[in-house]
Amino acid sequence: MQYYLSLLGFAAIDSLNLLAFAVIAGLWLTSAGRGVAFAPRAARFTGGAFCGIVLLSLISVWVIGNNQEFVRSLFYNLWAMVALGVVGLVITVMGLRQPAEAKEESVEAPLTQNILQKFGIMATGVALGVIQSGTSAPFAAGMVLISFAETPWWSKLLQILYFAIIAILPSAGLIVALARVRSGGITAATRRIDRFLSYGRVAGRVLTLVVGVALLVLALVRIVQLTGVLS
């Protein structure tokens, strides 16, 4: 049970994808303005993100699983822990950094107008799913957890699907909420989306700080242990 709770926690943190939320909100605004059905387009985008997460997860688990001894050895390598500490420090600084003062941006991001038109909705979802998870420390931790679990391949596959489903639940919830907005409530809903994205940015900074501090503490503990052993 503790294993699945840990996996759930990593997936939940990875699910806070502000870029995906902004794209979904932009799809909603452009669909409302042109009288186009919103839910199918947003579902294709989120489905693409799901496929991207699953694809990256399969590759990650396969690579880590076939190099378990190397991955384990990194925790006993002083310089690897120093590098991990530097990464943790950088992430911590990013979490502490105050965003520059700027006018409140519209939820209709230029990304929705440009990238989606060039590459298509689902392909953009796949790309963003791979990019967001590929640069996410919680995603990496989840993949290591799955790779090191003493379970058969079909169980690992189910765990990957479990992780990916949790990772897209907030986006799916946003799609359902926006699909239920009537045409007369677009202005009020837009204000709520702006507030939601604002709160999401704050939550993202907090989670970034938590992840950075956790990596930094882990690296410092291992460095102390390794230097103690080496001395």
# chains A, B, ... in the order shown; residues from 1 in each chain; ligands from 1
>>> residues_around(residues="Ala83 (chain A)", least_positions_apart="2", cutoff="12 Å", atoms="only C-alpha atoms", output="VMD selection string")
chain A and resid 74 to 75 77 to 81 85 to 90 215 to 216 218 to 220 222 to 223
>>> write_last_selection(atoms="N, CA and C atoms", output="compact mmCIF listing (two decimals), in the first residue's frame")
# COMPACT_ATOMS: atom_id res chain seq x y z
N LEU A 74 25.04 5.12 -8.62
CA LEU A 74 25.06 6.58 -8.55
C LEU A 74 24.85 7.07 -7.12
N PHE A 75 24.09 6.32 -6.32
CA PHE A 75 23.85 6.72 -4.93
C PHE A 75 25.08 6.48 -4.05
N ASN A 77 28.17 7.17 -5.45
CA ASN A 77 29.18 7.96 -6.13
C ASN A 77 29.13 9.39 -5.61
N LEU A 78 30.24 9.84 -5.02
CA LEU A 78 30.28 11.16 -4.40
C LEU A 78 29.97 12.27 -5.39
N TRP A 79 30.56 12.20 -6.58
CA TRP A 79 30.37 13.26 -7.56
C TRP A 79 28.94 13.26 -8.12
N ALA A 80 28.34 12.09 -8.22
CA ALA A 80 26.94 12.03 -8.65
C ALA A 80 26.04 12.72 -7.63
N MET A 81 26.35 12.54 -6.34
CA MET A 81 25.57 13.19 -5.29
C MET A 81 25.81 14.70 -5.27
N GLY A 85 23.00 17.47 -5.76
CA GLY A 85 22.87 18.62 -4.88
C GLY A 85 22.78 19.92 -5.65
N VAL A 86 23.59 20.03 -6.71
CA VAL A 86 23.55 21.23 -7.54
C VAL A 86 22.19 21.37 -8.22
N VAL A 87 21.67 20.24 -8.72
CA VAL A 87 20.33 20.26 -9.34
C VAL A 87 19.28 20.68 -8.31
N GLY A 88 19.38 20.11 -7.10
CA GLY A 88 18.44 20.48 -6.05
C GLY A 88 18.53 21.94 -5.69
N LEU A 89 19.75 22.48 -5.65
CA LEU A 89 19.94 23.90 -5.34
C LEU A 89 19.32 24.79 -6.41
N VAL A 90 19.54 24.42 -7.67
CA VAL A 90 18.97 25.21 -8.77
C VAL A 90 17.45 25.19 -8.71
N LEU A 215 15.61 17.15 -2.85
CA LEU A 215 16.80 16.68 -3.57
C LEU A 215 18.07 17.17 -2.89
N LEU A 216 18.04 18.42 -2.45
CA LEU A 216 19.22 18.99 -1.79
C LEU A 216 19.53 18.27 -0.49
N LEU A 218 18.59 15.18 0.34
CA LEU A 218 19.02 13.83 0.01
C LEU A 218 20.50 13.82 -0.39
N ALA A 219 20.89 14.78 -1.24
CA ALA A 219 22.27 14.84 -1.70
C ALA A 219 23.22 15.13 -0.54
N LEU A 220 22.85 16.06 0.34
CA LEU A 220 23.72 16.39 1.48
C LEU A 220 23.88 15.21 2.43
N ARG A 222 23.61 12.01 1.67
CA ARG A 222 24.45 10.99 1.03
C ARG A 222 25.91 11.43 0.97
N ILE A 223 26.16 12.72 0.76
CA ILE A 223 27.54 13.21 0.73
C ILE A 223 28.20 13.04 2.10
>>> select_by_dssp(residues="region 8-102 of chain A", states="helix (DSSP H, G or I)", output="PDB file with N, CA and C atoms, in the first residue's frame")
ATOM      1  N   LEU A   8       1.337   7.363  -6.163  1.00  0.00           N
ATOM      2  CA  LEU A   8       0.241   8.314  -6.295  1.00  0.00           C
ATOM      3  C   LEU A   8       0.719   9.734  -6.026  1.00  0.00           C
ATOM      4  N   GLY A   9       1.545   9.900  -5.000  1.00  0.00           N
ATOM      5  CA  GLY A   9       2.064  11.228  -4.677  1.00  0.00           C
ATOM      6  C   GLY A   9       2.910  11.805  -5.790  1.00  0.00           C
ATOM      7  N   PHE A  10       3.806  10.998  -6.356  1.00  0.00           N
ATOM      8  CA  PHE A  10       4.644  11.480  -7.453  1.00  0.00           C
ATOM      9  C   PHE A  10       3.789  11.849  -8.666  1.00  0.00           C
ATOM     10  N   ALA A  11       2.789  11.020  -8.976  1.00  0.00           N
ATOM     11  CA  ALA A  11       1.925  11.292 -10.127  1.00  0.00           C
ATOM     12  C   ALA A  11       1.084  12.541  -9.895  1.00  0.00           C
ATOM     13  N   ALA A  12       0.614  12.739  -8.651  1.00  0.00           N
ATOM     14  CA  ALA A  12      -0.207  13.908  -8.336  1.00  0.00           C
ATOM     15  C   ALA A  12       0.588  15.193  -8.514  1.00  0.00           C
ATOM     16  N   ILE A  13       1.847  15.181  -8.083  1.00  0.00           N
ATOM     17  CA  ILE A  13       2.689  16.371  -8.258  1.00  0.00           C
ATOM     18  C   ILE A  13       2.956  16.605  -9.741  1.00  0.00           C
ATOM     19  N   ASP A  14       3.209  15.532 -10.468  1.00  0.00           N
ATOM     20  CA  ASP A  14       3.478  15.650 -11.906  1.00  0.00           C
ATOM     21  C   ASP A  14       2.252  16.140 -12.670  1.00  0.00           C
ATOM     22  N   LEU A  18       0.784  23.405 -15.591  1.00  0.00           N
ATOM     23  CA  LEU A  18       0.151  24.692 -15.874  1.00  0.00           C
ATOM     24  C   LEU A  18       0.069  24.979 -17.365  1.00  0.00           C
ATOM     25  N   LEU A  19       1.056  24.510 -18.120  1.00  0.00           N
ATOM     26  CA  LEU A  19       1.031  24.741 -19.560  1.00  0.00           C
ATOM     27  C   LEU A  19      -0.145  24.010 -20.202  1.00  0.00           C
ATOM     28  N   ALA A  20      -0.394  22.783 -19.754  1.00  0.00           N
ATOM     29  CA  ALA A  20      -1.537  22.032 -20.279  1.00  0.00           C
ATOM     30  C   ALA A  20      -2.842  22.716 -19.897  1.00  0.00           C
ATOM     31  N   PHE A  21      -2.938  23.211 -18.654  1.00  0.00           N
ATOM     32  CA  PHE A  21      -4.150  23.915 -18.226  1.00  0.00           C
ATOM     33  C   PHE A  21      -4.390  25.145 -19.102  1.00  0.00           C
ATOM     34  N   ALA A  22      -3.312  25.891 -19.390  1.00  0.00           N
ATOM     35  CA  ALA A  22      -3.448  27.097 -20.206  1.00  0.00           C
ATOM     36  C   ALA A  22      -3.896  26.761 -21.627  1.00  0.00           C
ATOM     37  N   VAL A  23      -3.362  25.672 -22.177  1.00  0.00           N
ATOM     38  CA  VAL A  23      -3.755  25.268 -23.531  1.00  0.00           C
ATOM     39  C   VAL A  23      -5.228  24.861 -23.559  1.00  0.00           C
ATOM     40  N   ILE A  24      -5.656  24.103 -22.549  1.00  0.00           N
ATOM     41  CA  ILE A  24      -7.063  23.687 -22.481  1.00  0.00           C
ATOM     42  C   ILE A  24      -7.970  24.905 -22.371  1.00  0.00           C
ATOM     43  N   ALA A  25      -7.574  25.865 -21.521  1.00  0.00           N
ATOM     44  CA  ALA A  25      -8.365  27.085 -21.387  1.00  0.00           C
ATOM     45  C   ALA A  25      -8.398  27.868 -22.701  1.00  0.00           C
ATOM     46  N   GLY A  26      -7.259  27.912 -23.393  1.00  0.00           N
ATOM     47  CA  GLY A  26      -7.226  28.594 -24.687  1.00  0.00           C
ATOM     48  C   GLY A  26      -8.111  27.904 -25.718  1.00  0.00           C
ATOM     49  N   LEU A  27      -8.114  26.570 -25.701  1.00  0.00           N
ATOM     50  CA  LEU A  27      -9.004  25.830 -26.603  1.00  0.00           C
ATOM     51  C   LEU A  27     -10.459  26.157 -26.316  1.00  0.00           C
ATOM     52  N   TRP A  28     -10.779  26.284 -25.038  1.00  0.00           N
ATOM     53  CA  TRP A  28     -12.156  26.600 -24.658  1.00  0.00           C
ATOM     54  C   TRP A  28     -12.567  27.972 -25.181  1.00  0.00           C
ATOM     55  N   LEU A  29     -11.686  28.967 -25.043  1.00  0.00           N
ATOM     56  CA  LEU A  29     -12.013  30.316 -25.498  1.00  0.00           C
ATOM     57  C   LEU A  29     -12.149  30.381 -27.009  1.00  0.00           C
ATOM     58  N   THR A  30     -11.214  29.754 -27.715  1.00  0.00           N
ATOM     59  CA  THR A  30     -11.287  29.797 -29.178  1.00  0.00           C
ATOM     60  C   THR A  30     -12.484  29.008 -29.700  1.00  0.00           C
ATOM     61  N   SER A  31     -12.816  27.922 -29.018  1.00  0.00           N
ATOM     62  CA  SER A  31     -13.987  27.137 -29.435  1.00  0.00           C
ATOM     63  C   SER A  31     -15.269  27.920 -29.214  1.00  0.00           C
ATOM     64  N   ALA A  32     -15.353  28.614 -28.083  1.00  0.00           N
ATOM     65  CA  ALA A  32     -16.555  29.406 -27.786  1.00  0.00           C
ATOM     66  C   ALA A  32     -16.706  30.552 -28.782  1.00  0.00           C
ATOM     67  N   GLY A  33     -15.576  31.152 -29.181  1.00  0.00           N
ATOM     68  CA  GLY A  33     -15.638  32.280 -30.104  1.00  0.00           C
ATOM     69  C   GLY A  33     -16.024  31.871 -31.513  1.00  0.00           C
ATOM     70  N   ARG A  34     -15.725  30.625 -31.889  1.00  0.00           N
ATOM     71  CA  ARG A  34     -16.011  30.182 -33.254  1.00  0.00           C
ATOM     72  C   ARG A  34     -17.185  29.211 -33.327  1.00  0.00           C
ATOM     73  N   PHE A  38     -15.945  22.216 -27.939  1.00  0.00           N
ATOM     74  CA  PHE A  38     -14.717  22.298 -27.154  1.00  0.00           C
ATOM     75  C   PHE A  38     -14.242  20.937 -26.655  1.00  0.00           C
ATOM     76  N   ALA A  39     -15.148  20.158 -26.067  1.00  0.00           N
ATOM     77  CA  ALA A  39     -14.767  18.923 -25.377  1.00  0.00           C
ATOM     78  C   ALA A  39     -13.992  17.940 -26.263  1.00  0.00           C
ATOM     79  N   PRO A  40     -14.424  17.664 -27.502  1.00  0.00           N
ATOM     80  CA  PRO A  40     -13.651  16.715 -28.329  1.00  0.00           C
ATOM     81  C   PRO A  40     -12.236  17.187 -28.613  1.00  0.00           C
ATOM     82  N   ARG A  41     -12.059  18.494 -28.852  1.00  0.00           N
ATOM     83  CA  ARG A  41     -10.719  19.018 -29.139  1.00  0.00           C
ATOM     84  C   ARG A  41      -9.834  18.921 -27.906  1.00  0.00           C
ATOM     85  N   ALA A  42     -10.373  19.303 -26.760  1.00  0.00           N
ATOM     86  CA  ALA A  42      -9.597  19.243 -25.527  1.00  0.00           C
ATOM     87  C   ALA A  42      -9.287  17.799 -25.150  1.00  0.00           C
ATOM     88  N   ALA A  43     -10.232  16.896 -25.421  1.00  0.00           N
ATOM     89  CA  ALA A  43     -10.008  15.484 -25.112  1.00  0.00           C
ATOM     90  C   ALA A  43      -8.888  14.915 -25.982  1.00  0.00           C
ATOM     91  N   ARG A  44      -8.816  15.336 -27.242  1.00  0.00           N
ATOM     92  CA  ARG A  44      -7.737  14.870 -28.117  1.00  0.00           C
ATOM     93  C   ARG A  44      -6.388  15.375 -27.606  1.00  0.00           C
ATOM     94  N   PHE A  45      -6.363  16.621 -27.161  1.00  0.00           N
ATOM     95  CA  PHE A  45      -5.117  17.178 -26.614  1.00  0.00           C
ATOM     96  C   PHE A  45      -4.682  16.410 -25.366  1.00  0.00           C
ATOM     97  N   THR A  46      -5.606  16.207 -24.433  1.00  0.00           N
ATOM     98  CA  THR A  46      -5.280  15.506 -23.190  1.00  0.00           C
ATOM     99  C   THR A  46      -4.968  14.037 -23.461  1.00  0.00           C
ATOM    100  N   GLY A  47      -5.673  13.435 -24.427  1.00  0.00           N
ATOM    101  CA  GLY A  47      -5.348  12.068 -24.816  1.00  0.00           C
ATOM    102  C   GLY A  47      -3.940  11.971 -25.373  1.00  0.00           C
ATOM    103  N   GLY A  48      -3.547  12.983 -26.130  1.00  0.00           N
ATOM    104  CA  GLY A  48      -2.180  13.024 -26.637  1.00  0.00           C
ATOM    105  C   GLY A  48      -1.173  13.129 -25.511  1.00  0.00           C
ATOM    106  N   ALA A  49      -1.486  13.961 -24.505  1.00  0.00           N
ATOM    107  CA  ALA A  49      -0.604  14.094 -23.346  1.00  0.00           C
ATOM    108  C   ALA A  49      -0.480  12.762 -22.613  1.00  0.00           C
ATOM    109  N   PHE A  50      -1.602  12.051 -22.485  1.00  0.00           N
ATOM    110  CA  PHE A  50      -1.597  10.729 -21.845  1.00  0.00           C
ATOM    111  C   PHE A  50      -0.687   9.774 -22.611  1.00  0.00           C
ATOM    112  N   CYS A  51      -0.816   9.764 -23.934  1.00  0.00           N
ATOM    113  CA  CYS A  51       0.038   8.884 -24.758  1.00  0.00           C
ATOM    114  C   CYS A  51       1.509   9.257 -24.615  1.00  0.00           C
ATOM    115  N   GLY A  52       1.789  10.572 -24.537  1.00  0.00           N
ATOM    116  CA  GLY A  52       3.165  11.018 -24.371  1.00  0.00           C
ATOM    117  C   GLY A  52       3.756  10.555 -23.050  1.00  0.00           C
ATOM    118  N   ILE A  53       2.957  10.647 -21.973  1.00  0.00           N
ATOM    119  CA  ILE A  53       3.424  10.211 -20.658  1.00  0.00           C
ATOM    120  C   ILE A  53       3.673   8.711 -20.655  1.00  0.00           C
ATOM    121  N   VAL A  54       2.735   7.951 -21.238  1.00  0.00           N
ATOM    122  CA  VAL A  54       2.901   6.489 -21.280  1.00  0.00           C
ATOM    123  C   VAL A  54       4.131   6.118 -22.098  1.00  0.00           C
ATOM    124  N   LEU A  55       4.316   6.764 -23.244  1.00  0.00           N
ATOM    125  CA  LEU A  55       5.469   6.464 -24.106  1.00  0.00           C
ATOM    126  C   LEU A  55       6.777   6.739 -23.371  1.00  0.00           C
ATOM    127  N   LEU A  56       6.874   7.912 -22.748  1.00  0.00           N
ATOM    128  CA  LEU A  56       8.100   8.251 -22.022  1.00  0.00           C
ATOM    129  C   LEU A  56       8.308   7.317 -20.831  1.00  0.00           C
ATOM    130  N   SER A  57       7.208   6.922 -20.178  1.00  0.00           N
ATOM    131  CA  SER A  57       7.300   6.009 -19.033  1.00  0.00           C
ATOM    132  C   SER A  57       7.840   4.650 -19.465  1.00  0.00           C
ATOM    133  N   LEU A  58       7.335   4.120 -20.580  1.00  0.00           N
ATOM    134  CA  LEU A  58       7.798   2.828 -21.077  1.00  0.00           C
ATOM    135  C   LEU A  58       9.294   2.863 -21.391  1.00  0.00           C
ATOM    136  N   ILE A  59       9.719   3.926 -22.048  1.00  0.00           N
ATOM    137  CA  ILE A  59      11.142   4.056 -22.384  1.00  0.00           C
ATOM    138  C   ILE A  59      11.979   4.181 -21.114  1.00  0.00           C
ATOM    139  N   SER A  60      11.510   5.001 -20.177  1.00  0.00           N
ATOM    140  CA  SER A  60      12.261   5.235 -18.939  1.00  0.00           C
ATOM    141  C   SER A  60      12.392   3.961 -18.116  1.00  0.00           C
ATOM    142  N   VAL A  61      11.277   3.247 -17.955  1.00  0.00           N
ATOM    143  CA  VAL A  61      11.302   2.021 -17.154  1.00  0.00           C
ATOM    144  C   VAL A  61      12.179   0.969 -17.835  1.00  0.00           C
ATOM    145  N   TRP A  62      12.136   0.890 -19.149  1.00  0.00           N
ATOM    146  CA  TRP A  62      12.971  -0.071 -19.873  1.00  0.00           C
ATOM    147  C   TRP A  62      14.448   0.257 -19.702  1.00  0.00           C
ATOM    148  N   VAL A  63      14.808   1.540 -19.854  1.00  0.00           N
ATOM    149  CA  VAL A  63      16.214   1.954 -19.729  1.00  0.00           C
ATOM    150  C   VAL A  63      16.711   1.755 -18.298  1.00  0.00           C
ATOM    151  N   ILE A  64      15.935   2.229 -17.320  1.00  0.00           N
ATOM    152  CA  ILE A  64      16.360   2.100 -15.921  1.00  0.00           C
ATOM    153  C   ILE A  64      16.402   0.638 -15.507  1.00  0.00           C
ATOM    154  N   GLY A  65      15.387  -0.116 -15.935  1.00  0.00           N
ATOM    155  CA  GLY A  65      15.329  -1.525 -15.565  1.00  0.00           C
ATOM    156  C   GLY A  65      16.501  -2.329 -16.085  1.00  0.00           C
ATOM    157  N   GLN A  68      19.932  -1.205 -13.786  1.00  0.00           N
ATOM    158  CA  GLN A  68      19.693  -1.020 -12.361  1.00  0.00           C
ATOM    159  C   GLN A  68      20.984  -0.891 -11.569  1.00  0.00           C
ATOM    160  N   GLU A  69      21.982  -1.686 -11.886  1.00  0.00           N
ATOM    161  CA  GLU A  69      23.233  -1.627 -11.135  1.00  0.00           C
ATOM    162  C   GLU A  69      23.901  -0.266 -11.294  1.00  0.00           C
ATOM    163  N   PHE A  70      23.857   0.272 -12.510  1.00  0.00           N
ATOM    164  CA  PHE A  70      24.436   1.600 -12.743  1.00  0.00           C
ATOM    165  C   PHE A  70      23.684   2.666 -11.953  1.00  0.00           C
ATOM    166  N   VAL A  71      22.340   2.597 -11.975  1.00  0.00           N
ATOM    167  CA  VAL A  71      21.532   3.578 -11.251  1.00  0.00           C
ATOM    168  C   VAL A  71      21.800   3.485  -9.756  1.00  0.00           C
ATOM    169  N   ARG A  72      21.886   2.250  -9.236  1.00  0.00           N
ATOM    170  CA  ARG A  72      22.194   2.076  -7.810  1.00  0.00           C
ATOM    171  C   ARG A  72      23.574   2.631  -7.466  1.00  0.00           C
ATOM    172  N   SER A  73      24.519   2.433  -8.387  1.00  0.00           N
ATOM    173  CA  SER A  73      25.883   2.889  -8.111  1.00  0.00           C
ATOM    174  C   SER A  73      25.968   4.407  -7.983  1.00  0.00           C
ATOM    175  N   LEU A  74      25.037   5.119  -8.622  1.00  0.00           N
ATOM    176  CA  LEU A  74      25.060   6.583  -8.546  1.00  0.00           C
ATOM    177  C   LEU A  74      24.854   7.068  -7.119  1.00  0.00           C
ATOM    178  N   LEU A  78      30.241   9.836  -5.021  1.00  0.00           N
ATOM    179  CA  LEU A  78      30.276  11.161  -4.400  1.00  0.00           C
ATOM    180  C   LEU A  78      29.968  12.271  -5.393  1.00  0.00           C
ATOM    181  N   TRP A  79      30.565  12.198  -6.581  1.00  0.00           N
ATOM    182  CA  TRP A  79      30.365  13.261  -7.564  1.00  0.00           C
ATOM    183  C   TRP A  79      28.942  13.258  -8.120  1.00  0.00           C
ATOM    184  N   ALA A  80      28.343  12.093  -8.220  1.00  0.00           N
ATOM    185  CA  ALA A  80      26.943  12.032  -8.650  1.00  0.00           C
ATOM    186  C   ALA A  80      26.044  12.717  -7.632  1.00  0.00           C
ATOM    187  N   MET A  81      26.354  12.537  -6.338  1.00  0.00           N
ATOM    188  CA  MET A  81      25.567  13.195  -5.295  1.00  0.00           C
ATOM    189  C   MET A  81      25.807  14.701  -5.272  1.00  0.00           C
ATOM    190  N   VAL A  82      27.032  15.102  -5.584  1.00  0.00           N
ATOM    191  CA  VAL A  82      27.308  16.539  -5.699  1.00  0.00           C
ATOM    192  C   VAL A  82      26.486  17.142  -6.834  1.00  0.00           C
ATOM    193  N   ALA A  83      26.445  16.437  -7.976  1.00  0.00           N
ATOM    194  CA  ALA A  83      25.639  16.908  -9.110  1.00  0.00           C
ATOM    195  C   ALA A  83      24.164  16.973  -8.736  1.00  0.00           C
ATOM    196  N   LEU A  84      23.689  15.958  -7.981  1.00  0.00           N
ATOM    197  CA  LEU A  84      22.295  15.966  -7.531  1.00  0.00           C
ATOM    198  C   LEU A  84      22.032  17.154  -6.618  1.00  0.00           C
ATOM    199  N   GLY A  85      23.005  17.465  -5.758  1.00  0.00           N
ATOM    200  CA  GLY A  85      22.866  18.618  -4.880  1.00  0.00           C
ATOM    201  C   GLY A  85      22.785  19.920  -5.653  1.00  0.00           C
ATOM    202  N   VAL A  86      23.592  20.028  -6.707  1.00  0.00           N
ATOM    203  CA  VAL A  86      23.554  21.233  -7.542  1.00  0.00           C
ATOM    204  C   VAL A  86      22.193  21.369  -8.215  1.00  0.00           C
ATOM    205  N   VAL A  87      21.665  20.243  -8.725  1.00  0.00           N
ATOM    206  CA  VAL A  87      20.333  20.259  -9.339  1.00  0.00           C
ATOM    207  C   VAL A  87      19.281  20.684  -8.313  1.00  0.00           C
ATOM    208  N   GLY A  88      19.375  20.110  -7.099  1.00  0.00           N
ATOM    209  CA  GLY A  88      18.435  20.482  -6.047  1.00  0.00           C
ATOM    210  C   GLY A  88      18.527  21.945  -5.685  1.00  0.00           C
ATOM    211  N   LEU A  89      19.745  22.481  -5.652  1.00  0.00           N
ATOM    212  CA  LEU A  89      19.936  23.902  -5.336  1.00  0.00           C
ATOM    213  C   LEU A  89      19.321  24.786  -6.408  1.00  0.00           C
ATOM    214  N   VAL A  90      19.540  24.421  -7.668  1.00  0.00           N
ATOM    215  CA  VAL A  90      18.973  25.206  -8.774  1.00  0.00           C
ATOM    216  C   VAL A  90      17.446  25.190  -8.713  1.00  0.00           C
ATOM    217  N   ILE A  91      16.860  24.005  -8.481  1.00  0.00           N
ATOM    218  CA  ILE A  91      15.400  23.898  -8.394  1.00  0.00           C
ATOM    219  C   ILE A  91      14.870  24.703  -7.208  1.00  0.00           C
ATOM    220  N   THR A  92      15.606  24.675  -6.076  1.00  0.00           N
ATOM    221  CA  THR A  92      15.196  25.440  -4.904  1.00  0.00           C
ATOM    222  C   THR A  92      15.199  26.938  -5.193  1.00  0.00           C
ATOM    223  N   VAL A  93      16.239  27.413  -5.861  1.00  0.00           N
ATOM    224  CA  VAL A  93      16.318  28.834  -6.223  1.00  0.00           C
ATOM    225  C   VAL A  93      15.166  29.211  -7.147  1.00  0.00           C
ATOM    226  N   MET A  94      14.831  28.314  -8.084  1.00  0.00           N
ATOM    227  CA  MET A  94      13.706  28.571  -8.987  1.00  0.00           C
ATOM    228  C   MET A  94      12.401  28.690  -8.202  1.00  0.00           C
ATOM    229  N   GLY A  95      12.244  27.859  -7.161  1.00  0.00           N
ATOM    230  CA  GLY A  95      11.037  27.929  -6.344  1.00  0.00           C
ATOM    231  C   GLY A  95      10.969  29.179  -5.489  1.00  0.00           C
ATOM    232  N   LEU A  96      12.138  29.695  -5.072  1.00  0.00           N
ATOM    233  CA  LEU A  96      12.177  30.887  -4.226  1.00  0.00           C
ATOM    234  C   LEU A  96      12.063  32.176  -5.024  1.00  0.00           C
TER     235      LEU A  96
END
>>> atom_distance(atom1="CA of Leu5 (chain A)", atom2="CA of Val210 (chain A)")
17.8 Å
>>> closest_residue(among="A:Ala214, A:Leu161, A:Val202, A:Leu128", to="Met143 (chain A)", atoms="only C-alpha atoms")
A:Leu161
>>> residues_around(residues="Leu158 (chain A)", least_positions_apart="5", cutoff="12 Å", atoms="only C-alpha atoms", output="PDB file with N, CA, C and O atoms, in the first residue's frame")
ATOM      1  N   TYR A   4       2.146   2.121  -3.494  1.00  0.00           N
ATOM      2  CA  TYR A   4       1.184   2.766  -4.387  1.00  0.00           C
ATOM      3  C   TYR A   4       0.850   4.185  -3.934  1.00  0.00           C
ATOM      4  O   TYR A   4       0.569   5.060  -4.760  1.00  0.00           O
ATOM      5  N   VAL A  54       2.735   7.951 -21.238  1.00  0.00           N
ATOM      6  CA  VAL A  54       2.901   6.489 -21.280  1.00  0.00           C
ATOM      7  C   VAL A  54       4.131   6.118 -22.098  1.00  0.00           C
ATOM      8  O   VAL A  54       4.926   5.247 -21.691  1.00  0.00           O
ATOM      9  N   SER A  57       7.208   6.922 -20.178  1.00  0.00           N
ATOM     10  CA  SER A  57       7.300   6.009 -19.033  1.00  0.00           C
ATOM     11  C   SER A  57       7.840   4.650 -19.465  1.00  0.00           C
ATOM     12  O   SER A  57       8.706   4.068 -18.797  1.00  0.00           O
ATOM     13  N   LEU A  58       7.335   4.120 -20.580  1.00  0.00           N
ATOM     14  CA  LEU A  58       7.798   2.828 -21.077  1.00  0.00           C
ATOM     15  C   LEU A  58       9.294   2.863 -21.391  1.00  0.00           C
ATOM     16  O   LEU A  58      10.039   1.947 -21.024  1.00  0.00           O
ATOM     17  N   ILE A 146       9.011   2.414 -10.098  1.00  0.00           N
ATOM     18  CA  ILE A 146       8.436   1.317 -10.881  1.00  0.00           C
ATOM     19  C   ILE A 146       9.530   0.366 -11.370  1.00  0.00           C
ATOM     20  O   ILE A 146       9.373  -0.862 -11.326  1.00  0.00           O
ATOM     21  N   THR A 151       8.378  -6.739  -9.574  1.00  0.00           N
ATOM     22  CA  THR A 151       7.073  -7.146 -10.103  1.00  0.00           C
ATOM     23  C   THR A 151       7.232  -7.572 -11.552  1.00  0.00           C
ATOM     24  O   THR A 151       8.167  -7.125 -12.239  1.00  0.00           O
ATOM     25  N   PRO A 152       6.343  -8.405 -12.081  1.00  0.00           N
ATOM     26  CA  PRO A 152       6.415  -8.826 -13.490  1.00  0.00           C
ATOM     27  C   PRO A 152       6.135  -7.664 -14.435  1.00  0.00           C
ATOM     28  O   PRO A 152       5.617  -6.615 -14.029  1.00  0.00           O
ATOM     29  N   TRP A 153       6.435  -7.873 -15.710  1.00  0.00           N
ATOM     30  CA  TRP A 153       6.312  -6.787 -16.686  1.00  0.00           C
ATOM     31  C   TRP A 153       4.894  -6.271 -16.810  1.00  0.00           C
ATOM     32  O   TRP A 153       4.671  -5.065 -16.979  1.00  0.00           O
ATOM     33  N   PHE A 163      -0.049   5.595 -13.168  1.00  0.00           N
ATOM     34  CA  PHE A 163       0.661   6.868 -13.034  1.00  0.00           C
ATOM     35  C   PHE A 163       0.138   7.883 -14.062  1.00  0.00           C
ATOM     36  O   PHE A 163      -0.135   9.039 -13.729  1.00  0.00           O
ATOM     37  N   ALA A 164       0.003   7.437 -15.320  1.00  0.00           N
ATOM     38  CA  ALA A 164      -0.408   8.344 -16.392  1.00  0.00           C
ATOM     39  C   ALA A 164      -1.840   8.833 -16.187  1.00  0.00           C
ATOM     40  O   ALA A 164      -2.153  10.006 -16.452  1.00  0.00           O
ATOM     41  N   ILE A 165      -2.724   7.960 -15.720  1.00  0.00           N
ATOM     42  CA  ILE A 165      -4.117   8.361 -15.482  1.00  0.00           C
ATOM     43  C   ILE A 165      -4.188   9.423 -14.391  1.00  0.00           C
ATOM     44  O   ILE A 165      -4.883  10.442 -14.532  1.00  0.00           O
TER      45      ILE A 165
END
>>> atom_distance(atom1="CA of Arg97 (chain A)", atom2="CA of Val211 (chain A)")
14.5 Å
>>> atom_distance(atom1="CA of Ser6 (chain A)", atom2="CA of Ala141 (chain A)")
9.6 Å
>>> closest_residue(among="A:Ile193, A:Ala172, A:Ala167, A:Val217", to="Gly129 (chain A)", atoms="only C-alpha atoms")
A:Ala167
>>> closest_residue(among="A:Ser171, A:Asn17, A:Asn66, A:Gln2", to="Arg205 (chain A)", atoms="only C-alpha atoms")
A:Asn17
>>> closest_residue(among="A:Gly173, A:Thr208, A:Lys156, A:Ile168", to="Thr135 (chain A)", atoms="only C-alpha atoms")
A:Thr208
